[in-house]
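Text of query25.cif, listed as mmCIF, N, CA and C atoms:
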data_input
#
loop_
_atom_site.label_atom_id
_atom_site.label_comp_id
_atom_site.auth_asym_id
_atom_site.auth_seq_id
_atom_site.Cartn_x
_atom_site.Cartn_y
_atom_site.Cartn_z
N MET A 1 -4.65 2.14 -11.85
CA MET A 1 -3.46 2.93 -11.68
C MET A 1 -2.26 2.09 -12.13
N ASN A 2 -1.94 2.17 -13.38
CA ASN A 2 -0.86 1.37 -13.96
C ASN A 2 0.52 1.95 -13.70
N ASP A 3 0.61 3.23 -13.46
CA ASP A 3 1.91 3.88 -13.34
C ASP A 3 2.39 4.03 -11.89
N ILE A 4 1.93 3.17 -11.01
CA ILE A 4 2.28 3.27 -9.60
C ILE A 4 3.70 2.74 -9.37
N SER A 5 4.39 3.38 -8.45
CA SER A 5 5.74 2.95 -8.08
C SER A 5 5.90 3.15 -6.57
N VAL A 6 6.93 2.57 -6.03
CA VAL A 6 7.19 2.71 -4.60
C VAL A 6 7.43 4.17 -4.26
N LYS A 7 8.17 4.84 -5.09
CA LYS A 7 8.45 6.26 -4.87
C LYS A 7 7.15 7.08 -4.85
N LYS A 8 6.24 6.77 -5.77
CA LYS A 8 4.97 7.48 -5.84
C LYS A 8 4.10 7.18 -4.62
N ILE A 9 4.08 5.93 -4.18
CA ILE A 9 3.31 5.54 -3.00
C ILE A 9 3.83 6.28 -1.77
N ASN A 10 5.13 6.29 -1.60
CA ASN A 10 5.71 6.99 -0.45
C ASN A 10 5.37 8.47 -0.48
N LYS A 11 5.39 9.08 -1.64
CA LYS A 11 5.04 10.49 -1.79
C LYS A 11 3.56 10.72 -1.45
N LEU A 12 2.68 9.83 -1.94
CA LEU A 12 1.25 9.96 -1.64
C LEU A 12 0.97 9.83 -0.15
N ILE A 13 1.65 8.89 0.51
CA ILE A 13 1.50 8.70 1.95
C ILE A 13 1.98 9.95 2.69
N GLU A 14 3.13 10.45 2.29
CA GLU A 14 3.68 11.65 2.91
C GLU A 14 2.74 12.84 2.75
N ASP A 15 2.20 13.03 1.55
CA ASP A 15 1.27 14.13 1.29
C ASP A 15 -0.01 13.98 2.11
N PHE A 16 -0.52 12.76 2.21
CA PHE A 16 -1.74 12.46 2.96
C PHE A 16 -1.53 12.83 4.43
N GLU A 17 -0.39 12.44 4.99
CA GLU A 17 -0.09 12.75 6.39
C GLU A 17 0.17 14.25 6.58
N HIS A 18 0.78 14.87 5.60
CA HIS A 18 1.07 16.31 5.67
C HIS A 18 -0.21 17.13 5.72
N GLU A 19 -1.28 16.60 5.11
CA GLU A 19 -2.58 17.27 5.13
C GLU A 19 -3.28 17.11 6.48
N GLY A 20 -2.67 16.38 7.39
CA GLY A 20 -3.24 16.22 8.73
C GLY A 20 -4.04 14.95 8.92
N HIS A 21 -4.02 14.05 7.97
CA HIS A 21 -4.76 12.79 8.07
C HIS A 21 -3.86 11.69 8.62
N LYS A 22 -4.47 10.70 9.24
CA LYS A 22 -3.74 9.53 9.70
C LYS A 22 -4.02 8.39 8.73
N VAL A 23 -2.98 7.79 8.21
CA VAL A 23 -3.14 6.67 7.27
C VAL A 23 -3.55 5.43 8.04
N GLU A 24 -4.73 4.88 7.71
CA GLU A 24 -5.21 3.67 8.37
C GLU A 24 -4.97 2.43 7.52
N ALA A 25 -5.07 2.58 6.20
CA ALA A 25 -4.91 1.42 5.32
C ALA A 25 -4.59 1.86 3.90
N LEU A 26 -3.99 0.94 3.17
CA LEU A 26 -3.76 1.12 1.75
C LEU A 26 -4.63 0.12 1.02
N GLU A 27 -5.53 0.60 0.19
CA GLU A 27 -6.34 -0.28 -0.65
C GLU A 27 -5.61 -0.45 -1.98
N ILE A 28 -5.28 -1.69 -2.30
CA ILE A 28 -4.49 -1.95 -3.49
C ILE A 28 -5.17 -3.04 -4.32
N GLY A 29 -5.31 -2.78 -5.62
CA GLY A 29 -5.84 -3.78 -6.54
C GLY A 29 -4.84 -4.91 -6.71
N TYR A 30 -5.32 -6.10 -7.01
CA TYR A 30 -4.44 -7.26 -7.02
C TYR A 30 -3.34 -7.20 -8.08
N LYS A 31 -3.60 -6.61 -9.24
CA LYS A 31 -2.55 -6.48 -10.27
C LYS A 31 -1.54 -5.40 -9.86
N THR A 32 -2.01 -4.34 -9.25
CA THR A 32 -1.12 -3.30 -8.76
C THR A 32 -0.22 -3.86 -7.67
N TYR A 33 -0.81 -4.66 -6.78
CA TYR A 33 -0.04 -5.28 -5.70
C TYR A 33 1.04 -6.20 -6.26
N ASP A 34 0.68 -6.96 -7.27
CA ASP A 34 1.64 -7.87 -7.92
C ASP A 34 2.81 -7.08 -8.51
N ALA A 35 2.50 -5.98 -9.18
CA ALA A 35 3.55 -5.14 -9.76
C ALA A 35 4.44 -4.55 -8.67
N LEU A 36 3.83 -4.11 -7.58
CA LEU A 36 4.61 -3.53 -6.48
C LEU A 36 5.50 -4.57 -5.80
N MET A 37 4.98 -5.78 -5.64
CA MET A 37 5.76 -6.83 -4.99
C MET A 37 6.96 -7.26 -5.83
N SER A 38 6.92 -7.00 -7.11
CA SER A 38 8.08 -7.33 -7.95
C SER A 38 9.20 -6.30 -7.77
N ASP A 39 8.89 -5.17 -7.13
CA ASP A 39 9.89 -4.16 -6.80
C ASP A 39 10.45 -4.49 -5.41
N GLN A 40 11.72 -4.78 -5.35
CA GLN A 40 12.34 -5.21 -4.10
C GLN A 40 12.23 -4.17 -2.99
N LYS A 41 12.22 -2.88 -3.33
CA LYS A 41 12.10 -1.82 -2.33
C LYS A 41 10.76 -1.92 -1.60
N PHE A 42 9.70 -2.25 -2.33
CA PHE A 42 8.38 -2.41 -1.73
C PHE A 42 8.31 -3.72 -0.95
N ALA A 43 8.73 -4.80 -1.58
CA ALA A 43 8.64 -6.12 -0.97
C ALA A 43 9.41 -6.20 0.35
N ASP A 44 10.54 -5.50 0.45
CA ASP A 44 11.33 -5.51 1.68
C ASP A 44 10.61 -4.86 2.84
N LYS A 45 9.70 -3.93 2.56
CA LYS A 45 8.98 -3.21 3.61
C LYS A 45 7.64 -3.85 3.98
N VAL A 46 7.23 -4.88 3.23
CA VAL A 46 5.97 -5.57 3.53
C VAL A 46 6.24 -6.65 4.58
N THR A 47 5.48 -6.59 5.67
CA THR A 47 5.64 -7.55 6.75
C THR A 47 4.28 -8.09 7.17
N LYS A 48 4.30 -9.21 7.87
CA LYS A 48 3.07 -9.77 8.42
C LYS A 48 2.74 -9.08 9.73
N SER A 49 1.47 -8.88 9.96
CA SER A 49 1.02 -8.26 11.20
C SER A 49 1.23 -9.22 12.36
N MET A 50 1.68 -8.70 13.48
CA MET A 50 1.86 -9.52 14.69
C MET A 50 0.51 -9.84 15.33
N GLU A 51 -0.48 -8.95 15.12
CA GLU A 51 -1.79 -9.11 15.73
C GLU A 51 -2.67 -10.08 14.97
N ASN A 52 -2.56 -10.06 13.64
CA ASN A 52 -3.42 -10.89 12.80
C ASN A 52 -2.56 -11.51 11.70
N SER A 53 -2.42 -12.81 11.70
CA SER A 53 -1.53 -13.48 10.75
C SER A 53 -2.02 -13.41 9.31
N LYS A 54 -3.25 -12.99 9.10
CA LYS A 54 -3.80 -12.87 7.74
C LYS A 54 -3.63 -11.46 7.18
N GLU A 55 -3.08 -10.56 7.97
CA GLU A 55 -2.91 -9.17 7.57
C GLU A 55 -1.46 -8.90 7.18
N TRP A 56 -1.30 -8.08 6.14
CA TRP A 56 0.02 -7.64 5.72
C TRP A 56 0.12 -6.14 5.90
N LEU A 57 1.33 -5.67 6.19
CA LEU A 57 1.56 -4.26 6.45
C LEU A 57 2.67 -3.73 5.55
N TYR A 58 2.54 -2.48 5.14
CA TYR A 58 3.60 -1.77 4.44
C TYR A 58 3.98 -0.59 5.31
N LYS A 59 5.18 -0.60 5.84
CA LYS A 59 5.63 0.45 6.76
C LYS A 59 4.63 0.63 7.91
N LYS A 60 4.17 -0.48 8.44
CA LYS A 60 3.21 -0.53 9.57
C LYS A 60 1.83 -0.01 9.20
N ILE A 61 1.51 0.05 7.91
CA ILE A 61 0.19 0.45 7.44
C ILE A 61 -0.48 -0.78 6.84
N LYS A 62 -1.71 -1.04 7.26
CA LYS A 62 -2.44 -2.22 6.80
C LYS A 62 -2.65 -2.18 5.28
N ILE A 63 -2.47 -3.31 4.64
CA ILE A 63 -2.73 -3.46 3.21
C ILE A 63 -4.04 -4.21 3.05
N LYS A 64 -4.94 -3.64 2.27
CA LYS A 64 -6.21 -4.30 1.98
C LYS A 64 -6.26 -4.55 0.47
N LEU A 65 -6.20 -5.82 0.08
CA LEU A 65 -6.28 -6.15 -1.33
C LEU A 65 -7.74 -6.16 -1.77
N ILE A 66 -7.98 -5.61 -2.96
CA ILE A 66 -9.34 -5.59 -3.50
C ILE A 66 -9.35 -6.26 -4.86
N THR A 67 -10.53 -6.58 -5.34
CA THR A 67 -10.65 -7.35 -6.58
C THR A 67 -10.47 -6.53 -7.85
N GLU A 68 -10.51 -5.22 -7.75
CA GLU A 68 -10.27 -4.39 -8.93
C GLU A 68 -8.80 -4.54 -9.33
N LYS A 69 -8.54 -4.66 -10.63
CA LYS A 69 -7.18 -4.96 -11.10
C LYS A 69 -6.18 -3.86 -10.75
N HIS A 70 -6.36 -2.68 -11.29
CA HIS A 70 -5.42 -1.59 -11.13
C HIS A 70 -6.05 -0.50 -10.27
N TYR A 71 -5.69 -0.50 -8.97
CA TYR A 71 -6.33 0.41 -8.04
C TYR A 71 -5.38 0.70 -6.91
N PHE A 72 -5.39 1.94 -6.43
CA PHE A 72 -4.63 2.31 -5.25
C PHE A 72 -5.31 3.49 -4.57
N LYS A 73 -5.54 3.35 -3.26
CA LYS A 73 -6.16 4.43 -2.51
C LYS A 73 -5.66 4.38 -1.07
N ILE A 74 -5.43 5.55 -0.52
CA ILE A 74 -5.05 5.66 0.89
C ILE A 74 -6.29 5.98 1.69
N LYS A 75 -6.48 5.27 2.76
CA LYS A 75 -7.63 5.52 3.65
C LYS A 75 -7.13 5.94 5.01
#
How does the structure come out when it is put into structure tokens?
Amino acid sequence: MNDISVKKINKLIEDFEHEGHKVEALEIGYKTYDALMSDQKFADKVTKSMENSKEWLYKKIKIKLITEKHYFKIK
């Protein structure tokens, strides 16, 4: 997913929740994550989890990095 943006991610999350699902995690490929972190709007919302110091959160949603380069999925 090369054309991902913060605006698109927020829209996908909103649509996912609107369908009645609860967002548990965001699976993000490492190159996609790198591109997103270069966007200050995304980087400002990424925080470390208080429960687990090895976990990162985007708007209180767990981020799971995967080895696939360009990937994004809401779970």
Ranking A:Lys54, A:Lys41, A:Asn10, A:Lys48 by minimum distance to Leu26 in chain A and counting only C-alpha atoms, which one comes first?
A:Asn10
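Within 8 Å of the file-frame point (0.4, -2.7, -8.0), and using only N, CA and C atoms, the polymer residues found are Met1, Asn2, Ile4, Ser5, Ile28, Gly29, Tyr30, Lys31, Thr32, Tyr33, Asp34, Ala35, Leu36, Met37, Ser38, Lys69, His70, Tyr71 and Phe72 of chain A.
Taking atom N of Glu14 in chain A as the reference point, CA of Asn52 in chain A is found at 24.7 Å.
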Would you list, as a list in words, the residues of chain A that end up in strand (DSSP E) under DSSP run on this structure's backbone?
Ala25, Leu26, Glu27, Ile28, Gly29, Val46, Thr47, Lys48, Trp56, Leu57, Tyr58, Ile61, Lys62, Ile63, Lys64, Leu65, Ile66, Phe72, Lys73 and Ile74 of chain A
Tell me, which residues of chain A carry DSSP alpha helix (DSSP H), written as a list in words?
Val6, Lys7, Lys8, Ile9, Asn10, Lys11, Leu12, Ile13, Glu14, Asp15, Phe16, Glu17, His18, Tyr30, Lys31, Thr32, Tyr33, Asp34, Ala35, Leu36, Met37, Gln40, Lys41, Phe42, Ala43, Asp44 and Lys45 of chain A
Output N, CA and C atoms of each residue in that selection to a file, as a short mmCIF file (atom, residue, chain, number, x, y, z; two decimals), in the frame of the given file.
data_model
loop_
_atom_site.label_atom_id
_atom_site.label_comp_id
_atom_site.auth_asym_id
_atom_site.auth_seq_id
_atom_site.Cartn_x
_atom_site.Cartn_y
_atom_site.Cartn_z
N VAL A 6 6.93 2.57 -6.03
CA VAL A 6 7.19 2.71 -4.60
C VAL A 6 7.43 4.17 -4.26
N LYS A 7 8.17 4.84 -5.09
CA LYS A 7 8.45 6.26 -4.87
C LYS A 7 7.15 7.08 -4.85
N LYS A 8 6.24 6.77 -5.77
CA LYS A 8 4.97 7.48 -5.84
C LYS A 8 4.10 7.18 -4.62
N ILE A 9 4.08 5.93 -4.18
CA ILE A 9 3.31 5.54 -3.00
C ILE A 9 3.83 6.28 -1.77
N ASN A 10 5.13 6.29 -1.60
CA ASN A 10 5.71 6.99 -0.45
C ASN A 10 5.37 8.47 -0.48
N LYS A 11 5.39 9.08 -1.64
CA LYS A 11 5.04 10.49 -1.79
C LYS A 11 3.56 10.72 -1.45
N LEU A 12 2.68 9.83 -1.94
CA LEU A 12 1.25 9.96 -1.64
C LEU A 12 0.97 9.83 -0.15
N ILE A 13 1.65 8.89 0.51
CA ILE A 13 1.50 8.70 1.95
C ILE A 13 1.98 9.95 2.69
N GLU A 14 3.13 10.45 2.29
CA GLU A 14 3.68 11.65 2.91
C GLU A 14 2.74 12.84 2.75
N ASP A 15 2.20 13.03 1.55
CA ASP A 15 1.27 14.13 1.29
C ASP A 15 -0.01 13.98 2.11
N PHE A 16 -0.52 12.76 2.21
CA PHE A 16 -1.74 12.46 2.96
C PHE A 16 -1.53 12.83 4.43
N GLU A 17 -0.39 12.44 4.99
CA GLU A 17 -0.09 12.75 6.39
C GLU A 17 0.17 14.25 6.58
N HIS A 18 0.78 14.87 5.60
CA HIS A 18 1.07 16.31 5.67
C HIS A 18 -0.21 17.13 5.72
N TYR A 30 -5.32 -6.10 -7.01
CA TYR A 30 -4.44 -7.26 -7.02
C TYR A 30 -3.34 -7.20 -8.08
N LYS A 31 -3.60 -6.61 -9.24
CA LYS A 31 -2.55 -6.48 -10.27
C LYS A 31 -1.54 -5.40 -9.86
N THR A 32 -2.01 -4.34 -9.25
CA THR A 32 -1.12 -3.30 -8.76
C THR A 32 -0.22 -3.86 -7.67
N TYR A 33 -0.81 -4.66 -6.78
CA TYR A 33 -0.04 -5.28 -5.70
C TYR A 33 1.04 -6.20 -6.26
N ASP A 34 0.68 -6.96 -7.27
CA ASP A 34 1.64 -7.87 -7.92
C ASP A 34 2.81 -7.08 -8.51
N ALA A 35 2.50 -5.98 -9.18
CA ALA A 35 3.55 -5.14 -9.76
C ALA A 35 4.44 -4.55 -8.67
N LEU A 36 3.83 -4.11 -7.58
CA LEU A 36 4.61 -3.53 -6.48
C LEU A 36 5.50 -4.57 -5.80
N MET A 37 4.98 -5.78 -5.64
CA MET A 37 5.76 -6.83 -4.99
C MET A 37 6.96 -7.26 -5.83
N GLN A 40 11.72 -4.78 -5.35
CA GLN A 40 12.34 -5.21 -4.10
C GLN A 40 12.23 -4.17 -2.99
N LYS A 41 12.22 -2.88 -3.33
CA LYS A 41 12.10 -1.82 -2.33
C LYS A 41 10.76 -1.92 -1.60
N PHE A 42 9.70 -2.25 -2.33
CA PHE A 42 8.38 -2.41 -1.73
C PHE A 42 8.31 -3.72 -0.95
N ALA A 43 8.73 -4.80 -1.58
CA ALA A 43 8.64 -6.12 -0.97
C ALA A 43 9.41 -6.20 0.35
N ASP A 44 10.54 -5.50 0.45
CA ASP A 44 11.33 -5.51 1.68
C ASP A 44 10.61 -4.86 2.84
N LYS A 45 9.70 -3.93 2.56
CA LYS A 45 8.98 -3.21 3.61
C LYS A 45 7.64 -3.85 3.98
#
Using the chain letters and numbers from the file, give me the residues hit by the PyMOL selection byres ((chain A and resi 62-65) around 5), as a ChimeraX atom specification.
/A:24-28,56-58,60-61,66-67
Tell me, in Å to one decimal, how far atom N of Asp39 in chain A is from atom N of Glu19 in chain A.
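If I compute the distance from atom N of Asp39 in chain A to atom N of Glu19 in chain A, I get 27.0 Å.
Residues lying at most 7 Å from (9.8, -2.7, 2.2) in file coordinates, with all atoms listed in the file considered, are Gln40, Lys41, Phe42, Ala43, Asp44, Lys45, Val46, Thr47, Tyr58 and Lys59 of chain A.
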How about saving the chosen residues, N, CA and C atoms kept, as a PDB file, in the frame of the given file?
ATOM      1  N   GLN A  40      11.720  -4.780  -5.350  1.00  0.00           N
ATOM      2  CA  GLN A  40      12.340  -5.210  -4.100  1.00  0.00           C
ATOM      3  C   GLN A  40      12.230  -4.170  -2.990  1.00  0.00           C
ATOM      4  N   LYS A  41      12.220  -2.880  -3.330  1.00  0.00           N
ATOM      5  CA  LYS A  41      12.100  -1.820  -2.330  1.00  0.00           C
ATOM      6  C   LYS A  41      10.760  -1.920  -1.600  1.00  0.00           C
ATOM      7  N   PHE A  42       9.700  -2.250  -2.330  1.00  0.00           N
ATOM      8  CA  PHE A  42       8.380  -2.410  -1.730  1.00  0.00           C
ATOM      9  C   PHE A  42       8.310  -3.720  -0.950  1.00  0.00           C
ATOM     10  N   ALA A  43       8.730  -4.800  -1.580  1.00  0.00           N
ATOM     11  CA  ALA A  43       8.640  -6.120  -0.970  1.00  0.00           C
ATOM     12  C   ALA A  43       9.410  -6.200   0.350  1.00  0.00           C
ATOM     13  N   ASP A  44      10.540  -5.500   0.450  1.00  0.00           N
ATOM     14  CA  ASP A  44      11.330  -5.510   1.680  1.00  0.00           C
ATOM     15  C   ASP A  44      10.610  -4.860   2.840  1.00  0.00           C
ATOM     16  N   LYS A  45       9.700  -3.930   2.560  1.00  0.00           N
ATOM     17  CA  LYS A  45       8.980  -3.210   3.610  1.00  0.00           C
ATOM     18  C   LYS A  45       7.640  -3.850   3.980  1.00  0.00           C
ATOM     19  N   VAL A  46       7.230  -4.880   3.230  1.00  0.00           N
ATOM     20  CA  VAL A  46       5.970  -5.570   3.530  1.00  0.00           C
ATOM     21  C   VAL A  46       6.240  -6.650   4.580  1.00  0.00           C
ATOM     22  N   THR A  47       5.480  -6.590   5.670  1.00  0.00           N
ATOM     23  CA  THR A  47       5.640  -7.550   6.750  1.00  0.00           C
ATOM     24  C   THR A  47       4.280  -8.090   7.170  1.00  0.00           C
ATOM     25  N   TYR A  58       2.540  -2.480   5.140  1.00  0.00           N
ATOM     26  CA  TYR A  58       3.600  -1.770   4.440  1.00  0.00           C
ATOM     27  C   TYR A  58       3.980  -0.590   5.310  1.00  0.00           C
ATOM     28  N   LYS A  59       5.180  -0.600   5.840  1.00  0.00           N
ATOM     29  CA  LYS A  59       5.630   0.450   6.760  1.00  0.00           C
ATOM     30  C   LYS A  59       4.630   0.630   7.910  1.00  0.00           C
TER      31      LYS A  59
END
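Pairwise distance (CA of Ser53 in chain A, CA of Val23 in chain A) equals 20.5 Å.
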Extending 5 Å beyond the listed atoms of range 42-60 of chain A on each side, what axis-aligned box results? I want centre and edge lengths in Å to one decimal, as AutoDock Vina command-line options.
--center_x 3.8 --center_y -6.4 --center_z 6.7 --size_x 25.1 --size_y 24.1 --size_z 28.1
